[in-house]
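Visitor: My structure file run.txt, compact mmCIF, C-alpha atoms (C1' of nucleotides), is below:
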# COMPACT_ATOMS: atom_id res chain seq x y z
CA MET A 1 -2.20 -19.02 15.72
CA GLU A 2 -3.18 -19.65 12.10
CA LEU A 3 -4.00 -16.22 10.85
CA SER A 4 -5.23 -15.84 7.30
CA ASN A 5 -3.06 -14.14 4.70
CA LYS A 6 -5.50 -11.25 4.82
CA GLN A 7 -5.19 -10.87 8.59
CA ILE A 8 -1.41 -10.87 8.32
CA THR A 9 -1.45 -8.05 5.78
CA VAL A 10 -3.63 -6.00 8.13
CA ILE A 11 -1.02 -6.37 10.88
CA PHE A 12 1.95 -5.36 8.76
CA LYS A 13 0.13 -2.56 6.95
CA ALA A 14 0.68 -0.67 10.18
CA LEU A 15 4.38 -0.48 9.33
CA CYS A 16 4.08 0.28 5.61
CA ASP A 17 3.79 4.03 5.90
CA GLU A 18 6.49 6.43 7.05
CA ASN A 19 4.09 8.53 9.10
CA ARG A 20 2.85 5.47 10.96
CA VAL A 21 6.39 4.35 11.68
CA GLN A 22 7.04 7.82 13.09
CA ILE A 23 3.94 7.51 15.27
CA PHE A 24 5.41 4.30 16.74
CA ARG A 25 8.54 6.25 17.61
CA LEU A 26 6.40 8.79 19.45
CA LEU A 27 4.56 6.02 21.31
CA GLN A 28 7.88 4.57 22.47
CA GLY A 29 7.81 7.18 25.24
CA GLY A 30 4.56 5.66 26.51
CA GLU A 31 0.90 6.48 26.07
CA ARG A 32 0.17 9.63 24.08
CA CYS A 33 -3.05 11.48 23.37
CA ALA A 34 -4.12 12.29 19.83
CA CYS A 35 -3.58 16.00 20.31
CA HIS A 36 0.02 15.39 21.32
CA LEU A 37 0.65 13.22 18.25
CA LEU A 38 -1.04 15.85 16.10
CA GLU A 39 1.41 18.49 17.34
CA GLU A 40 4.41 16.32 16.60
CA MET A 41 3.34 15.00 13.22
CA ASN A 42 2.94 17.22 10.20
CA LEU A 43 -0.55 16.03 9.34
CA SER A 44 -4.09 17.30 9.42
CA GLN A 45 -6.32 16.06 12.22
CA PRO A 46 -8.44 13.81 9.95
CA THR A 47 -5.32 12.27 8.43
CA LEU A 48 -3.92 11.46 11.86
CA SER A 49 -7.27 9.96 12.83
CA HIS A 50 -7.14 7.79 9.71
CA HIS A 51 -3.65 6.52 10.56
CA MET A 52 -4.62 5.80 14.15
CA LYS A 53 -7.51 3.71 12.89
CA ILE A 54 -5.17 1.63 10.75
CA LEU A 55 -2.77 1.23 13.68
CA CYS A 56 -5.56 0.13 16.01
CA ASP A 57 -6.99 -2.24 13.39
CA SER A 58 -3.57 -3.86 13.16
CA GLY A 59 -3.70 -4.63 16.87
CA LEU A 60 -0.25 -3.11 17.39
CA VAL A 61 -1.74 -0.03 19.01
CA VAL A 62 -4.63 0.34 21.42
CA GLY A 63 -6.76 3.40 22.04
CA ARG A 64 -8.28 4.41 25.33
CA LYS A 65 -10.99 7.03 25.52
CA GLU A 66 -10.91 9.39 28.44
CA GLY A 67 -13.47 12.13 28.28
CA LYS A 68 -12.92 14.02 25.07
CA TRP A 69 -9.44 12.62 24.63
CA MET A 70 -8.13 9.52 22.94
CA HIS A 71 -4.97 8.05 24.40
CA TYR A 72 -2.93 5.67 22.28
CA SER A 73 -0.24 3.22 23.27
CA VAL A 74 1.66 0.25 21.90
CA SER A 75 -0.14 -3.02 22.61
CA GLU A 76 2.27 -5.52 24.09
CA GLN A 77 -0.10 -8.31 23.10
CA GLY A 78 -0.34 -7.01 19.55
CA VAL A 79 3.41 -6.76 19.29
CA GLN A 80 3.83 -10.34 20.48
CA LEU A 81 1.31 -11.55 17.93
CA ALA A 82 3.08 -9.66 15.14
CA LEU A 83 6.47 -11.05 16.18
CA GLU A 84 5.14 -14.58 16.33
CA CYS A 85 3.43 -14.08 13.01
CA LEU A 86 6.62 -12.88 11.36
CA ARG A 87 8.60 -15.75 12.86
CA GLU A 88 6.05 -18.35 11.79
CA LEU A 89 5.74 -17.03 8.29
CA THR A 90 9.48 -16.99 7.73
CA ALA A 91 10.33 -20.23 9.49
CA VAL A 92 11.71 -22.66 6.93
CA SER A 93 11.25 -26.37 7.43
CA GLU A 94 14.53 -27.98 6.39
CA SER A 95 12.89 -31.02 4.91
CA GLY A 96 12.53 -32.38 1.38
CA ASN A 97 13.45 -29.42 -0.74
CA ASP A 98 12.27 -30.76 -4.07
CA CYS A 99 11.80 -27.94 -6.51
CA CYS A 100 11.03 -28.47 -10.16
CA CYS A 101 14.10 -27.32 -12.08
CA GLY A 102 17.89 -27.42 -12.04
CA GLU A 103 20.02 -28.83 -9.23
CA MET B 104 20.67 -0.66 13.78
CA GLU B 105 19.05 2.76 13.21
CA LEU B 106 17.10 2.27 10.03
CA SER B 107 15.20 5.22 8.61
CA ASN B 108 11.42 5.24 8.64
CA LYS B 109 11.57 4.78 4.89
CA GLN B 110 13.80 1.70 5.14
CA ILE B 111 11.45 0.18 7.70
CA THR B 112 8.46 0.60 5.41
CA VAL B 113 10.38 -1.18 2.63
CA ILE B 114 10.93 -4.18 4.91
CA PHE B 115 7.33 -4.51 6.00
CA LYS B 116 5.86 -3.79 2.58
CA ALA B 117 6.86 -7.37 1.83
CA LEU B 118 4.06 -8.52 4.12
CA CYS B 119 1.37 -6.06 3.06
CA ASP B 120 0.01 -8.04 0.16
CA GLU B 121 -1.85 -11.35 0.35
CA ASN B 122 -0.05 -12.81 -2.63
CA ARG B 123 3.33 -12.03 -1.11
CA VAL B 124 2.30 -13.61 2.17
CA GLN B 125 1.31 -16.69 0.22
CA ILE B 126 4.71 -16.72 -1.48
CA PHE B 127 6.32 -16.83 1.98
CA ARG B 128 4.23 -19.87 2.76
CA LEU B 129 5.55 -21.54 -0.38
CA LEU B 130 9.12 -20.65 0.54
CA GLN B 131 8.67 -22.26 3.96
CA GLY B 132 9.38 -25.57 2.26
CA GLY B 133 12.80 -24.26 1.26
CA GLU B 134 14.25 -22.69 -1.86
CA ARG B 135 11.87 -22.51 -4.82
CA CYS B 136 12.40 -21.50 -8.42
CA ALA B 137 10.25 -18.84 -10.03
CA CYS B 138 8.55 -21.32 -12.33
CA HIS B 139 7.43 -23.37 -9.34
CA LEU B 140 6.01 -20.30 -7.61
CA LEU B 141 4.31 -19.30 -10.84
CA GLU B 142 2.54 -22.65 -11.00
CA GLU B 143 1.30 -22.39 -7.44
CA MET B 144 0.22 -18.76 -7.51
CA ASN B 145 -2.61 -17.52 -9.64
CA LEU B 146 -0.62 -14.70 -11.21
CA SER B 147 0.86 -13.76 -14.56
CA GLN B 148 4.61 -14.14 -14.92
CA PRO B 149 5.31 -10.37 -14.92
CA THR B 150 3.20 -9.91 -11.79
CA LEU B 151 5.10 -12.65 -9.98
CA SER B 152 8.37 -11.08 -11.08
CA HIS B 153 7.18 -7.75 -9.69
CA HIS B 154 6.33 -9.31 -6.31
CA MET B 155 9.65 -11.12 -6.16
CA LYS B 156 11.42 -7.82 -6.69
CA ILE B 157 9.56 -6.26 -3.76
CA LEU B 158 10.36 -9.29 -1.61
CA CYS B 159 14.06 -9.16 -2.50
CA ASP B 160 14.18 -5.40 -1.95
CA SER B 161 12.79 -5.97 1.54
CA GLY B 162 15.74 -8.22 2.33
CA LEU B 163 13.41 -10.95 3.60
CA VAL B 164 13.96 -13.02 0.47
CA VAL B 165 17.08 -13.65 -1.57
CA GLY B 166 17.33 -14.71 -5.18
CA ARG B 167 19.98 -16.95 -6.67
CA LYS B 168 20.44 -17.20 -10.40
CA GLU B 169 21.30 -20.59 -11.83
CA GLY B 170 21.37 -20.75 -15.60
CA LYS B 171 18.01 -19.62 -16.85
CA TRP B 172 16.38 -20.14 -13.49
CA MET B 173 15.91 -17.91 -10.49
CA HIS B 174 15.76 -19.63 -7.13
CA TYR B 175 14.25 -17.79 -4.21
CA SER B 176 14.50 -18.48 -0.51
CA VAL B 177 13.84 -16.82 2.82
CA SER B 178 16.85 -14.85 4.04
CA GLU B 179 17.62 -15.76 7.64
CA GLN B 180 19.60 -12.53 7.97
CA GLY B 181 16.71 -10.48 6.55
CA VAL B 182 14.28 -12.15 8.92
CA GLN B 183 16.48 -11.37 11.91
CA LEU B 184 16.74 -7.74 10.86
CA ALA B 185 12.97 -7.47 10.44
CA LEU B 186 12.36 -9.06 13.84
CA GLU B 187 14.84 -6.76 15.53
CA CYS B 188 13.35 -3.81 13.71
CA LEU B 189 9.84 -4.68 14.86
CA ARG B 190 11.02 -5.21 18.43
CA GLU B 191 12.95 -1.94 18.52
CA LEU B 192 10.14 0.08 17.04
CA THR B 193 7.58 -1.24 19.50
CA ALA B 194 9.77 -1.26 22.61
CA VAL B 195 8.33 1.21 25.09
CA SER B 196 10.62 2.96 27.55
CA GLU B 197 8.76 3.04 30.86
CA SER B 198 10.08 6.44 31.85
CA GLY B 199 8.47 9.86 32.26
CA ASN B 200 5.15 9.43 30.57
CA ASP B 201 4.16 13.08 30.47
CA CYS B 202 1.50 13.63 27.86
CA CYS B 203 -0.32 16.92 27.44
CA CYS B 204 -3.91 16.32 28.46
CA GLY B 205 -6.05 14.63 31.11
CA GLU B 206 -4.78 12.40 33.92
C1' DA C 207 24.36 -17.80 -35.57
C1' DC C 208 19.69 -18.99 -34.50
C1' DC C 209 15.92 -20.79 -31.75
C1' DT C 210 13.76 -21.59 -27.43
C1' DC C 211 12.85 -21.09 -22.72
C1' DA C 212 12.91 -18.50 -18.15
C1' DT C 213 12.76 -14.19 -16.27
C1' DA C 214 12.76 -8.99 -16.33
C1' DT C 215 11.12 -4.58 -17.97
C1' DT C 216 7.79 -1.31 -20.12
C1' DG C 217 3.59 0.85 -20.45
C1' DA C 218 -1.23 1.08 -19.58
C1' DT C 219 -5.29 0.41 -16.56
C1' DG C 220 -7.97 -0.22 -12.54
C1' DA C 221 -7.84 -0.57 -7.51
C1' DT C 222 -6.25 1.00 -3.22
C1' DT C 223 -4.19 4.43 -0.22
C1' DT C 224 -3.05 8.97 1.48
C1' DT C 225 -4.41 13.34 2.03
C1' DC C 226 -7.20 17.29 2.41
C1' DT C 227 -11.67 20.26 3.39
C1' DA C 228 -16.04 20.19 5.20
C1' DT C 229 -19.12 18.24 8.37
C1' DA C 230 -20.76 15.11 12.07
C1' DT C 231 -20.30 13.13 16.57
C1' DT C 232 -19.33 13.04 21.35
C1' DA C 233 -18.09 15.00 25.80
C1' DT C 234 -17.43 18.71 29.02
C1' DA C 235 -18.31 23.39 30.75
C1' DG C 236 -21.15 27.27 31.54
C1' DC D 237 -29.60 23.41 26.80
C1' DT D 238 -26.14 25.81 24.22
C1' DA D 239 -21.29 26.62 23.25
C1' DT D 240 -16.86 24.80 22.76
C1' DA D 241 -13.24 21.46 22.20
C1' DA D 242 -11.45 16.77 20.66
C1' DT D 243 -11.99 13.29 17.58
C1' DA D 244 -14.36 10.75 13.75
C1' DT D 245 -16.53 10.33 9.27
C1' DA D 246 -17.75 11.59 4.36
C1' DG D 247 -16.34 12.81 0.03
C1' DA D 248 -13.04 14.15 -3.42
C1' DA D 249 -8.35 14.69 -5.45
C1' DA D 250 -3.70 13.02 -5.98
C1' DA D 251 -0.35 9.48 -5.40
C1' DT D 252 0.90 4.79 -5.11
C1' DC D 253 0.28 -0.06 -6.11
C1' DA D 254 -1.19 -4.48 -8.41
C1' DT D 255 -2.05 -6.33 -12.55
C1' DC D 256 -1.72 -7.73 -17.32
C1' DA D 257 -0.24 -7.84 -22.39
C1' DA D 258 3.58 -6.93 -25.08
C1' DT D 259 8.36 -6.79 -25.49
C1' DA D 260 13.24 -7.12 -24.03
C1' DT D 261 17.06 -9.60 -22.00
C1' DG D 262 19.88 -13.44 -21.13
C1' DA D 263 21.25 -18.24 -21.04
C1' DG D 264 21.38 -22.87 -23.13
C1' DG D 265 20.85 -26.03 -26.78
C1' DT D 266 21.14 -27.20 -31.90
Show how you would write the structure in this file as structure tokens.
Guide:
Amino acid sequence: MELSNKQITVIFKALCDENRVQIFRLLQGGERCACHLLEEMNLSQPTLSHHMKILCDSGLVVGRKEGKWMHYSVSEQGVQLALECLRELTAVSESGNDCCCGE
Amino acid sequence: MELSNKQITVIFKALCDENRVQIFRLLQGGERCACHLLEEMNLSQPTLSHHMKILCDSGLVVGRKEGKWMHYSVSEQGVQLALECLRELTAVSESGNDCCCGE
DNA sequence: ACCTCATATTGATGATTTTCTATATTATAG
DNA sequence: CTATAATATAGAAAATCATCAATATGAGGT
């Protein structure tokens, strides 16, 4: 795996905004087009577009263009990477725990 | 579980900053005191303190006070909650996928 | 009680992020 | 080819965040 700190922040930035979390909830029902998301969310069209870009950049969401429409869905691969990333980053090696002060 | 969108953003905000990601890497070796983290990170003491607060608020890290020193470690419980949260939020129900446009 | 050391809080500043309006791009329909 | 509809981009304003210097708190040691 070995993602950089920077790459990790890009992944989890997807989940740092309430509107984006809400978009995930909408995508739980399956693929949704931008116009559908726009109806459900209380956002302007450019703002939604901005959030969808961040979500796609994170890899957790993928977009599919079909004619004029953009269809978005949760990326299973992206989710697996994020889960693995979170697990790796928080896995503690129970070895020599020598810190500087007090014991 | 049923965390609010707001609560979810608080959890994942922990991982939205490169310095905080680096702090996780330092905590992978086990519990560390603030002074140790301060030596390793290129940050002022107040800035580190600020990041540790965000990490503790997220639940992914816990602090333990011992005399003058603060010892920080990864919270296994917090990690499990975050993992479950991420899984839940990105779990897609493969049912009626009726979106508005195109098919 | 005072001094010192480790950490937290305050307050200010610059950087980043969210949001909007206006405009550009791209695709289909006529 | 022009008109329309869906989405993206540019640019600006407001909000949030990261950062530091200065100061406060709190815990031992003398």
Visitor: What is the distance between atom CA of Phe12 of chain A and atom CA of Leu118 of chain B, in Å to one decimal?
Guide: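 Interatomic distance here is 6.0 Å.
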Visitor: How many Å lie between atom CA of Glu142 of chain B and atom CA of Gly166 of chain B, rounded to one decimal?
Guide: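 Computing it gives 17.8 Å between the two atoms.
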Visitor: Taking (-4.7, -2.3, -15.9) in the file's coordinates as the center, which residues reach within 10 Å of it, counting all atoms listed in the file, put as a list in words?
Guide: DG217, DA218, DT219, DG220 and DA221 of chain C; DA254, DT255, DC256 and DA257 of chain D
Visitor: Could you please determine the separation between atom CA of Lys109 of chain B and atom CA of Arg20 of chain A in Å, to one decimal place?
Guide: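 According to the coordinates, atom CA of Lys109 of chain B and atom CA of Arg20 of chain A are separated by 10.6 Å.
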Visitor: Could you give me, as CSV, every chain B residue with an atom at most 8 Å from chain C, plus its closest atom pair and distance in Å to one decimal, counting all atoms listed in the file, rows ordered by chain then number?
Guide:
residue,atom,partner,partner_atom,distance
B:Cys138,CA,C:DA212,C1',7.8
B:Pro149,CA,C:DA214,C1',7.7
B:Ser152,CA,C:DA214,C1',7.2
B:Lys171,CA,C:DA212,C1',5.4
B:Trp172,CA,C:DA212,C1',6.0
B:Met173,CA,C:DT213,C1',7.6
Visitor: Should the cut-off be 12 Å, what would the residue list for chain A against chain D look like, counting only C-alpha atoms (C1' of nucleotides), as JSON, numbers by chain?
Guide: {"A": [17, 33, 34, 35, 36, 38, 45, 46, 47, 48, 49, 50, 51, 52, 53, 65, 66, 67, 68, 69, 70, 71]}
Visitor: Any chance you could lay chain A over chain B, fitting all C-alpha atoms in order by least squares, and write the moved chain as a CSV table (one decimal) with C-alpha atoms, keeping the file's coordinate frame?
Guide:
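Saved to part.csv:
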chain,number,residue,atom,x,y,z
A,1,MET,CA,20.6,-0.7,13.7
A,2,GLU,CA,19.0,2.7,13.2
A,3,LEU,CA,17.1,2.2,10.1
A,4,SER,CA,15.2,5.2,8.6
A,5,ASN,CA,11.4,5.2,8.7
A,6,LYS,CA,11.6,4.8,4.9
A,7,GLN,CA,13.8,1.7,5.2
A,8,ILE,CA,11.4,0.2,7.7
A,9,THR,CA,8.4,0.6,5.4
A,10,VAL,CA,10.4,-1.2,2.6
A,11,ILE,CA,10.9,-4.2,4.9
A,12,PHE,CA,7.3,-4.5,6.0
A,13,LYS,CA,5.8,-3.8,2.6
A,14,ALA,CA,6.8,-7.4,1.8
A,15,LEU,CA,4.1,-8.5,4.1
A,16,CYS,CA,1.4,-6.1,3.1
A,17,ASP,CA,0.0,-8.1,0.2
A,18,GLU,CA,-1.9,-11.3,0.3
A,19,ASN,CA,0.0,-12.8,-2.6
A,20,ARG,CA,3.3,-12.0,-1.1
A,21,VAL,CA,2.3,-13.6,2.2
A,22,GLN,CA,1.3,-16.7,0.2
A,23,ILE,CA,4.7,-16.7,-1.5
A,24,PHE,CA,6.3,-16.8,2.0
A,25,ARG,CA,4.2,-19.9,2.8
A,26,LEU,CA,5.5,-21.6,-0.4
A,27,LEU,CA,9.1,-20.7,0.6
A,28,GLN,CA,8.7,-22.3,4.0
A,29,GLY,CA,9.4,-25.6,2.3
A,30,GLY,CA,12.8,-24.3,1.3
A,31,GLU,CA,14.3,-22.7,-1.9
A,32,ARG,CA,11.9,-22.5,-4.8
A,33,CYS,CA,12.4,-21.5,-8.4
A,34,ALA,CA,10.3,-18.8,-10.0
A,35,CYS,CA,8.6,-21.3,-12.3
A,36,HIS,CA,7.5,-23.4,-9.4
A,37,LEU,CA,6.0,-20.3,-7.6
A,38,LEU,CA,4.3,-19.3,-10.9
A,39,GLU,CA,2.6,-22.7,-11.0
A,40,GLU,CA,1.3,-22.4,-7.5
A,41,MET,CA,0.2,-18.8,-7.5
A,42,ASN,CA,-2.6,-17.5,-9.7
A,43,LEU,CA,-0.6,-14.7,-11.2
A,44,SER,CA,0.9,-13.8,-14.6
A,45,GLN,CA,4.6,-14.2,-14.9
A,46,PRO,CA,5.3,-10.4,-14.9
A,47,THR,CA,3.2,-9.9,-11.8
A,48,LEU,CA,5.1,-12.7,-10.0
A,49,SER,CA,8.4,-11.1,-11.1
A,50,HIS,CA,7.2,-7.8,-9.7
A,51,HIS,CA,6.3,-9.3,-6.3
A,52,MET,CA,9.6,-11.1,-6.1
A,53,LYS,CA,11.4,-7.8,-6.7
A,54,ILE,CA,9.5,-6.3,-3.8
A,55,LEU,CA,10.3,-9.3,-1.6
A,56,CYS,CA,14.0,-9.2,-2.5
A,57,ASP,CA,14.2,-5.4,-1.9
A,58,SER,CA,12.8,-6.0,1.5
A,59,GLY,CA,15.7,-8.2,2.3
A,60,LEU,CA,13.4,-10.9,3.6
A,61,VAL,CA,13.9,-13.0,0.5
A,62,VAL,CA,17.1,-13.6,-1.5
A,63,GLY,CA,17.3,-14.7,-5.2
A,64,ARG,CA,20.0,-16.9,-6.7
A,65,LYS,CA,20.5,-17.1,-10.4
A,66,GLU,CA,21.3,-20.5,-11.8
A,67,GLY,CA,21.4,-20.6,-15.6
A,68,LYS,CA,18.1,-19.5,-16.8
A,69,TRP,CA,16.4,-20.1,-13.5
A,70,MET,CA,15.9,-17.8,-10.5
A,71,HIS,CA,15.8,-19.6,-7.1
A,72,TYR,CA,14.2,-17.8,-4.2
A,73,SER,CA,14.5,-18.5,-0.5
A,74,VAL,CA,13.8,-16.8,2.8
A,75,SER,CA,16.8,-14.8,4.1
A,76,GLU,CA,17.6,-15.7,7.6
A,77,GLN,CA,19.6,-12.5,8.0
A,78,GLY,CA,16.7,-10.5,6.6
A,79,VAL,CA,14.2,-12.1,8.9
A,80,GLN,CA,16.4,-11.4,11.9
A,81,LEU,CA,16.7,-7.7,10.9
A,82,ALA,CA,12.9,-7.5,10.4
A,83,LEU,CA,12.3,-9.1,13.9
A,84,GLU,CA,14.8,-6.8,15.5
A,85,CYS,CA,13.3,-3.8,13.7
A,86,LEU,CA,9.8,-4.7,14.9
A,87,ARG,CA,11.0,-5.2,18.4
A,88,GLU,CA,12.9,-2.0,18.5
A,89,LEU,CA,10.1,0.1,17.0
A,90,THR,CA,7.6,-1.3,19.5
A,91,ALA,CA,9.7,-1.3,22.6
A,92,VAL,CA,8.3,1.2,25.1
A,93,SER,CA,10.6,3.0,27.5
A,94,GLU,CA,8.8,3.0,30.8
A,95,SER,CA,10.1,6.4,31.8
A,96,GLY,CA,8.5,9.8,32.3
A,97,ASN,CA,5.2,9.5,30.5
A,98,ASP,CA,4.2,13.1,30.4
A,99,CYS,CA,1.6,13.7,27.8
A,100,CYS,CA,-0.2,16.9,27.4
A,101,CYS,CA,-3.8,16.4,28.5
A,102,GLY,CA,-5.9,14.6,31.1
A,103,GLU,CA,-4.6,12.3,33.8
Visitor: Find the residues near segment 181-198 of chain B: any atom within 8 Å, counting all atoms listed in the file, skip ones fewer than 6 places away on the same chain, and give them as an mmCIF file with C-alpha atoms, keeping the file's coordinate frame.
Guide:
data_model
loop_
_atom_site.group_PDB
_atom_site.id
_atom_site.type_symbol
_atom_site.label_atom_id
_atom_site.label_comp_id
_atom_site.auth_asym_id
_atom_site.auth_seq_id
_atom_site.Cartn_x
_atom_site.Cartn_y
_atom_site.Cartn_z
ATOM 1 C CA VAL A 21 6.390 4.350 11.680
ATOM 2 C CA PHE A 24 5.410 4.300 16.740
ATOM 3 C CA ARG A 25 8.540 6.250 17.610
ATOM 4 C CA LEU A 27 4.560 6.020 21.310
ATOM 5 C CA GLN A 28 7.880 4.570 22.470
ATOM 6 C CA GLY A 29 7.810 7.180 25.240
ATOM 7 C CA GLY A 30 4.560 5.660 26.510
ATOM 8 C CA VAL A 74 1.660 0.250 21.900
ATOM 9 C CA VAL A 79 3.410 -6.760 19.290
ATOM 10 C CA LEU A 83 6.470 -11.050 16.180
ATOM 11 C CA LEU A 86 6.620 -12.880 11.360
ATOM 12 C CA ARG A 87 8.600 -15.750 12.860
ATOM 13 C CA THR A 90 9.480 -16.990 7.730
ATOM 14 C CA MET B 104 20.670 -0.660 13.780
ATOM 15 C CA ILE B 111 11.450 0.180 7.700
ATOM 16 C CA ILE B 114 10.930 -4.180 4.910
ATOM 17 C CA PHE B 115 7.330 -4.510 6.000
ATOM 18 C CA SER B 161 12.790 -5.970 1.540
ATOM 19 C CA GLY B 162 15.740 -8.220 2.330
ATOM 20 C CA LEU B 163 13.410 -10.950 3.600
ATOM 21 C CA VAL B 164 13.960 -13.020 0.470
#
Visitor: Using all atoms listed in the file, which residue out of B:Gln180, B:Glu105, B:Arg135, B:Ala117 lies closest to chain A?
Guide: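 Nearest to chain A: B:Arg135.
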Visitor: With distances taken over all atoms listed in the file, which of A:Glu18, A:Val62, A:Leu37, A:Ser4 is nearest to chain B?
Guide: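 Under the stated criterion, the closest residue is A:Glu18.
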Visitor: So which one's closest to chain B, A:Cys16, A:Leu26, A:Met41, A:Leu55? Using all atoms listed in the file, please.
Guide: A:Cys16
Visitor: I'd like the box whose edges run along x, y and z of the file and which contains every listed atom of segment 165-184 of chain B, padded by 3 Å per side; could you state its centre and edge lengths in Å, one decimal, as lines of an AutoDock Vina configuration file?
Guide:
center_x = 17.6
center_y = -14.2
center_z = -2.5
size_x = 13.5
size_y = 19.0
size_z = 34.8
